[in-house]
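Pasted below: target-v2.cif, mmCIF, C-alpha atoms.
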data_input
#
loop_
_atom_site.label_atom_id
_atom_site.label_comp_id
_atom_site.auth_asym_id
_atom_site.auth_seq_id
_atom_site.Cartn_x
_atom_site.Cartn_y
_atom_site.Cartn_z
CA MET A 28 143.58 -101.28 10.68
CA MET A 29 141.25 -98.27 10.84
CA SER A 30 139.98 -99.51 14.18
CA VAL A 31 143.54 -99.37 15.48
CA LEU A 32 143.98 -95.79 14.26
CA TRP A 33 140.66 -94.86 15.85
CA ALA A 34 141.75 -96.37 19.15
CA LEU A 35 145.04 -94.48 19.06
CA CYS A 36 143.32 -91.17 18.36
CA THR A 37 140.76 -91.83 21.08
CA VAL A 38 143.46 -92.53 23.64
CA ARG A 39 145.57 -89.55 22.72
CA LEU A 40 144.17 -87.07 20.22
CA GLU A 41 147.57 -85.73 19.22
CA VAL A 42 148.68 -89.20 18.00
CA LYS A 43 148.25 -88.69 14.29
CA PHE A 44 148.08 -90.99 11.27
CA LEU A 45 151.64 -90.33 10.14
CA ASP A 46 153.25 -89.69 13.53
CA PRO A 47 156.80 -91.10 13.21
CA GLY A 48 157.55 -93.74 15.75
CA MET A 49 153.94 -94.09 16.89
CA THR A 50 154.45 -97.84 17.11
CA ASN A 51 156.99 -97.59 19.92
CA CYS A 52 155.97 -98.43 23.47
CA SER A 53 157.74 -98.83 26.78
CA GLU A 54 160.48 -101.44 27.17
CA GLY A 55 161.33 -100.97 23.48
CA VAL A 56 158.83 -103.57 22.31
CA PRO A 57 157.01 -102.88 19.00
CA TRP A 58 153.30 -102.36 19.62
CA GLN A 59 150.62 -104.17 17.67
CA VAL A 60 147.12 -105.53 18.14
CA HIS A 61 147.62 -109.14 19.08
CA GLY A 62 145.19 -111.98 18.52
CA CYS A 63 144.64 -112.24 22.25
CA ARG A 64 142.50 -109.84 24.28
CA SER A 65 144.67 -110.07 27.39
CA ARG A 66 147.88 -109.26 25.51
CA THR A 67 146.32 -106.31 23.73
CA ARG A 68 145.02 -104.90 27.02
CA VAL A 69 148.47 -105.27 28.59
CA TRP A 70 150.33 -103.56 25.76
CA GLY A 71 147.55 -101.00 25.34
CA SER A 72 147.87 -100.05 28.99
CA LYS A 73 151.66 -99.75 28.67
CA MET A 74 151.22 -97.49 25.68
CA ILE A 75 148.78 -95.32 27.66
CA ARG A 76 151.38 -94.83 30.38
CA TYR A 77 154.12 -94.29 27.80
CA ARG A 78 152.09 -91.55 26.10
CA ARG A 79 151.12 -90.01 29.48
CA SER A 80 147.44 -90.13 28.58
CA PRO A 81 145.04 -88.20 30.82
CA PHE A 82 142.73 -91.24 30.83
CA PRO A 83 142.95 -93.90 33.57
CA VAL A 84 144.08 -97.39 32.67
CA ASN A 85 140.57 -98.85 33.11
CA VAL A 86 139.35 -96.52 30.35
CA ALA A 87 142.27 -97.61 28.20
CA GLY A 88 141.25 -101.22 28.69
CA SER A 89 137.79 -100.47 27.31
CA VAL A 90 139.31 -98.71 24.31
CA TRP A 91 141.54 -101.67 23.51
CA ASP A 92 138.54 -104.00 23.62
CA VAL A 93 137.02 -102.23 20.60
CA PRO A 94 139.05 -104.02 17.86
CA PHE A 95 137.82 -107.38 19.15
CA LEU A 96 134.23 -106.38 18.43
CA LEU A 97 134.92 -105.42 14.81
CA PRO A 98 135.03 -107.63 11.68
CA LEU A 99 138.16 -109.58 10.78
CA CYS A 100 137.92 -108.48 7.15
CA ALA A 101 135.77 -106.40 4.81
CA THR A 102 135.11 -105.79 1.14
CA ILE A 103 134.90 -102.51 -0.78
CA ASP A 104 132.38 -102.29 -3.64
CA ASP A 105 132.32 -106.10 -3.69
CA LYS A 106 135.64 -105.93 -5.56
CA ILE A 107 138.38 -105.36 -2.97
CA PHE A 108 139.08 -107.70 -0.08
CA CYS A 109 140.64 -105.92 2.91
CA VAL A 110 142.34 -107.82 5.72
CA HIS A 111 145.27 -107.47 8.09
CA GLY A 112 147.25 -110.57 7.09
CA GLY A 113 145.98 -112.49 4.10
CA ILE A 114 143.69 -115.15 2.77
CA PRO A 115 143.19 -118.35 4.78
CA ARG A 116 143.26 -121.91 3.58
CA VAL A 117 140.05 -123.76 2.68
CA PHE A 118 138.67 -125.76 5.60
CA GLY A 119 136.68 -128.79 4.49
CA ASP A 120 135.67 -129.98 1.03
CA THR A 121 133.81 -126.80 0.03
CA ASP A 122 135.20 -123.29 -0.13
CA ARG A 123 133.04 -121.44 2.40
CA ARG A 124 135.71 -119.25 3.99
CA LEU A 125 133.79 -115.98 3.91
CA GLU A 126 130.40 -117.64 4.37
CA LEU A 127 131.63 -119.09 7.66
CA LEU A 128 132.40 -115.60 8.93
CA ARG A 129 128.95 -114.33 7.88
CA ASP A 130 127.17 -117.23 9.55
CA PRO A 131 125.24 -115.93 12.60
CA ARG A 132 126.28 -119.13 14.38
CA CYS A 133 129.93 -118.09 14.14
CA PRO A 134 131.17 -118.14 17.76
CA ARG A 135 132.48 -115.02 19.46
CA PHE A 136 135.80 -115.39 21.22
CA TYR A 137 138.40 -112.99 22.61
CA SER A 138 141.47 -115.09 21.91
CA ILE A 139 142.59 -117.01 18.85
CA GLU A 140 145.25 -118.87 20.76
CA PHE A 141 144.76 -122.59 20.29
CA ASP A 142 143.54 -124.69 23.19
CA PRO A 143 143.73 -128.50 23.01
CA ASN A 144 140.34 -128.59 24.77
CA ASP A 145 138.61 -126.57 22.05
CA PRO A 146 135.83 -128.45 20.22
CA PRO A 147 136.56 -129.04 16.50
CA GLU A 148 134.23 -126.30 15.26
CA LEU A 149 135.75 -123.66 17.54
CA GLU A 150 139.25 -124.75 16.52
CA MET A 151 138.30 -124.31 12.85
CA TYR A 152 137.02 -120.77 13.46
CA LYS A 153 140.15 -119.90 15.42
CA ARG A 154 142.39 -121.18 12.64
CA LEU A 155 140.38 -119.25 10.07
CA SER A 156 140.70 -116.06 12.13
CA PHE A 157 144.38 -116.68 12.86
CA GLU A 158 145.25 -117.03 9.18
CA LEU A 159 143.26 -113.94 8.20
CA LEU A 160 145.35 -111.97 10.69
CA TRP A 161 148.82 -113.39 10.07
CA ASN A 162 149.22 -115.13 6.66
CA ASP A 163 151.60 -113.49 4.16
CA PRO A 164 152.09 -113.59 0.38
CA ALA A 165 154.59 -116.29 -0.56
CA ASP A 166 158.11 -115.11 -1.36
CA ASP A 167 158.85 -118.30 -3.29
CA GLU A 168 156.06 -119.88 -5.35
CA ARG A 169 157.97 -123.16 -5.43
CA GLU A 170 157.22 -123.68 -1.74
CA CYS A 171 153.45 -123.64 -2.33
CA ASP A 172 151.46 -126.86 -2.72
CA ALA A 173 148.80 -127.64 -5.34
CA SER A 174 146.28 -125.44 -3.52
CA GLY A 175 148.65 -122.46 -3.56
CA PHE A 176 149.55 -122.44 0.12
CA GLY A 177 152.87 -123.18 1.76
CA PRO A 178 154.86 -122.80 4.96
CA ASN A 179 155.75 -119.35 6.24
CA SER A 180 159.43 -119.56 7.11
CA LYS A 181 159.48 -115.95 8.36
CA ARG A 182 156.92 -116.61 11.08
CA GLY A 183 156.58 -120.38 11.48
CA GLY A 184 154.00 -122.06 13.65
CA ASN A 185 150.44 -122.12 12.37
CA ILE A 186 151.05 -119.26 9.92
CA PHE A 187 151.06 -119.94 6.17
CA SER A 188 152.02 -118.19 2.95
CA PHE A 189 149.71 -117.92 -0.04
CA GLY A 190 150.85 -117.97 -3.64
CA LEU A 191 149.41 -116.97 -7.00
CA LYS A 192 147.24 -120.10 -7.33
CA ALA A 193 145.58 -119.50 -3.96
CA ILE A 194 145.06 -115.82 -4.79
CA GLN A 195 143.51 -116.45 -8.18
CA ASP A 196 141.20 -119.16 -6.83
CA PHE A 197 140.07 -116.90 -3.97
CA LEU A 198 139.45 -113.87 -6.19
CA ALA A 199 137.62 -115.90 -8.81
CA HIS A 200 135.47 -117.74 -6.27
CA TYR A 201 134.27 -114.52 -4.66
CA ASN A 202 134.32 -112.38 -7.83
CA LEU A 203 136.92 -109.99 -6.39
CA GLN A 204 139.75 -108.11 -8.09
CA TYR A 205 142.24 -107.03 -5.42
CA ILE A 206 143.46 -107.95 -1.96
CA ILE A 207 144.58 -105.05 0.24
CA ARG A 208 146.43 -106.10 3.37
CA ALA A 209 148.98 -104.87 5.93
CA HIS A 210 151.07 -106.89 8.41
CA GLU A 211 154.47 -106.33 6.73
CA MET A 212 156.62 -103.22 6.81
CA LYS A 213 157.54 -102.06 3.32
CA GLN A 214 160.25 -99.50 2.79
CA GLU A 215 158.14 -97.50 0.34
CA GLY A 216 154.99 -97.87 2.45
CA LEU A 217 153.33 -99.81 -0.36
CA ARG A 218 154.15 -102.97 -2.26
CA LEU A 219 152.36 -104.59 -5.18
CA CYS A 220 152.88 -108.29 -5.81
CA LYS A 221 151.32 -111.36 -7.40
CA ASN A 222 150.43 -109.71 -10.72
CA ALA A 223 149.49 -106.53 -8.80
CA GLN A 224 146.52 -108.36 -7.30
CA VAL A 225 147.88 -108.08 -3.74
CA ILE A 226 148.66 -104.64 -2.30
CA THR A 227 150.47 -104.37 1.01
CA VAL A 228 150.02 -101.01 2.74
CA PHE A 229 151.91 -100.00 5.89
CA THR A 230 150.59 -96.98 7.76
CA SER A 231 153.45 -96.10 10.12
CA SER A 232 156.52 -94.20 8.99
CA GLN A 233 159.89 -94.63 10.71
CA TYR A 234 158.70 -97.92 12.16
CA CYS A 235 160.70 -98.92 15.24
CA GLY A 236 163.22 -96.18 14.58
CA GLY A 237 163.70 -97.00 10.90
CA ASN A 238 163.40 -94.72 7.88
CA ASN A 239 160.51 -96.37 6.02
CA SER A 240 157.65 -94.48 4.44
CA ALA A 241 154.01 -94.71 5.48
CA ALA A 242 151.14 -95.09 3.05
CA ALA A 243 147.40 -95.12 2.59
CA ILE A 244 145.07 -96.10 -0.25
CA TYR A 245 142.15 -94.04 -1.47
CA VAL A 246 139.37 -95.87 -3.31
CA GLY A 247 136.95 -93.70 -5.24
CA ASP A 248 135.44 -93.16 -8.67
CA GLY A 249 136.23 -96.75 -9.60
CA LYS A 250 139.97 -96.26 -9.09
CA LEU A 251 142.63 -97.05 -6.50
CA ARG A 252 145.01 -94.23 -5.61
CA PHE A 253 147.79 -94.30 -3.08
CA ILE A 254 149.43 -91.75 -0.81
CA THR A 255 152.86 -92.18 0.68
CA HIS A 256 154.63 -90.16 3.33
CA LEU A 257 158.39 -90.01 2.91
CA PRO A 258 160.12 -89.04 6.18
CA GLY A 259 161.47 -85.52 5.83
CA ALA A 260 159.70 -84.83 2.54
CA ARG A 261 157.38 -81.86 2.10
CA SER A 262 154.81 -83.56 -0.05
CA ALA A 263 152.81 -86.53 1.17
CA LEU A 264 151.86 -87.51 -2.38
CA SER A 265 154.22 -89.70 -4.38
CA SER A 266 154.13 -92.82 -6.48
CA PRO A 267 157.43 -94.67 -6.09
CA ILE A 268 155.93 -98.05 -6.88
CA VAL A 269 154.68 -97.75 -10.44
CA GLY A 270 156.20 -94.47 -11.56
CA ALA A 271 152.88 -92.71 -12.04
CA LYS A 272 152.45 -89.03 -11.33
CA PRO A 273 151.68 -88.09 -7.70
CA GLY A 274 148.21 -89.16 -6.66
CA GLY A 275 147.67 -91.07 -9.89
CA PRO A 276 145.62 -94.26 -10.08
CA ILE A 277 147.31 -97.64 -9.71
CA GLY A 278 144.31 -99.69 -10.79
CA GLU A 279 140.72 -99.53 -11.92
CA LEU A 280 137.66 -101.46 -10.79
CA SER A 281 135.64 -103.06 -13.54
#
Taking this structure as input, can you express it in the form of structure tokens?
Amino acid sequence: MMSVLWALCTVRLEVKFLDPGMTNCSEGVPWQVHGCRSRTRVWGSKMIRYRRSPFPVNVAGSVWDVPFLLPLCATIDDKIFCVHGGIPRVFGDTDRRLELLRDPRCPRFYSIEFDPNDPPELEMYKRLSFELLWNDPADDERECDASGFGPNSKRGGNIFSFGLKAIQDFLAHYNLQYIIRAHEMKQEGLRLCKNAQVITVFTSSQYCGGNNSAAAIYVGDGKLRFITHLPGARSALSSPIVGAKPGGPIGELS
């Protein structure tokens, strides 16, 4: 997510973190970083023209290549797992989801779209990447199987939902405490779910012309603090989720 913000600021310096409507592009289509290099370059170029950037389109194309050279996920203090979508399913008999990404033999590819001609190993890495980008927390735990994963009725296709069992197994296996992810617009900008172990943060206010808040999370001094921007409000600090005082902690790292 930070790579996206960096790209936006590089393309047009006056595009700010909490710029209302910054996700709009020409033709009225919501902008996002897709899992395909060609699509991202196309929509990135359209956004350049929409914003009347002083940079030529070929420069814009280079800027939009940057996210594809960055990690799919990251950890903070070995306690917080950060990702765009969510946790992926286990591939194979042993849980090596994060180890597979760290493996220097992990292939580099610019599209996670599935190709029937892909060899099995490449297909596995694409599915792993795809689910990291697009999986969501389950709305209904009853739809999850014994492993804690289930279908994602909101998105369909090869996208899955992950429930409490999957979350607890993942956190315990990698000795983590929280999952911070994005991918879903939340009216308050932030949403805690699954025993407050999953935190969804959405960084664009007034998304697609709506009236939602934007949010960010600050991690420091062993605590998690959140900032929300309410459209039209003077203060950017509030805590509508847990009722704490503005800027107060919502969790502690042990």
Residue contacts of segment 122-124 of chain A (10 Å, all atoms listed in the file) excluding same-chain residues fewer than 6 positions away, as an mmCIF file with C-alpha atoms, in the coordinates of the input:
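Once everything was written out, this is part07.cif:
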data_model
loop_
_atom_site.group_PDB
_atom_site.id
_atom_site.type_symbol
_atom_site.label_atom_id
_atom_site.label_comp_id
_atom_site.auth_asym_id
_atom_site.auth_seq_id
_atom_site.Cartn_x
_atom_site.Cartn_y
_atom_site.Cartn_z
ATOM 1 C CA ILE A 114 143.690 -115.150 2.770
ATOM 2 C CA PRO A 115 143.190 -118.350 4.780
ATOM 3 C CA ARG A 116 143.260 -121.910 3.580
ATOM 4 C CA TYR A 152 137.020 -120.770 13.460
ATOM 5 C CA LEU A 155 140.380 -119.250 10.070
ATOM 6 C CA ASP A 196 141.200 -119.160 -6.830
ATOM 7 C CA PHE A 197 140.070 -116.900 -3.970
ATOM 8 C CA HIS A 200 135.470 -117.740 -6.270
ATOM 9 C CA TYR A 201 134.270 -114.520 -4.660
#
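Across A:Phe118, A:Phe136, A:Tyr234, A:Phe176, the tightest approach to Arg154 of chain A is made by A:Phe118 when counting all atoms listed in the file.
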Evaluated on this file, the PyMOL selection byres ((chain A and resi 133) around 12) picks out some residues - which ones are they, written as a CSV table (one decimal) with C-alpha atoms, keeping the file's coordinate frame?
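Wrote out31.csv, looks like this:
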chain,number,residue,atom,x,y,z
A,98,PRO,CA,135.0,-107.6,11.7
A,124,ARG,CA,135.7,-119.2,4.0
A,125,LEU,CA,133.8,-116.0,3.9
A,126,GLU,CA,130.4,-117.6,4.4
A,127,LEU,CA,131.6,-119.1,7.7
A,128,LEU,CA,132.4,-115.6,8.9
A,129,ARG,CA,129.0,-114.3,7.9
A,130,ASP,CA,127.2,-117.2,9.6
A,131,PRO,CA,125.2,-115.9,12.6
A,132,ARG,CA,126.3,-119.1,14.4
A,134,PRO,CA,131.2,-118.1,17.8
A,135,ARG,CA,132.5,-115.0,19.5
A,136,PHE,CA,135.8,-115.4,21.2
A,148,GLU,CA,134.2,-126.3,15.3
A,149,LEU,CA,135.8,-123.7,17.5
A,150,GLU,CA,139.2,-124.8,16.5
A,151,MET,CA,138.3,-124.3,12.8
A,152,TYR,CA,137.0,-120.8,13.5
A,153,LYS,CA,140.2,-119.9,15.4
A,155,LEU,CA,140.4,-119.2,10.1
A,156,SER,CA,140.7,-116.1,12.1
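Taking all atoms listed in the file into account, Gln233 of chain A lies nearest to A:Lys213 out of the set A:Lys250, A:Lys213, A:Lys221, A:Lys181.
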Explicit residue set for the PyMOL selection byres ((chain A and resi 161-167) around 6), as a PyMOL selection string: chain A and resi 112-113+158-160+168-170+186-190
Ground truth for the PyMOL selection byres ((chain A and resi 103) around 12), written as a list in words: Cys100, Ala101, Thr102, Asp104, Asp105, Lys106, Ile107, Phe108, Cys109, Val110, Leu203, Gln204, Tyr205, Ile206, Ile207, Tyr245, Val246, Gly247, Gly249, Lys250, Leu251 and Leu280 of chain A
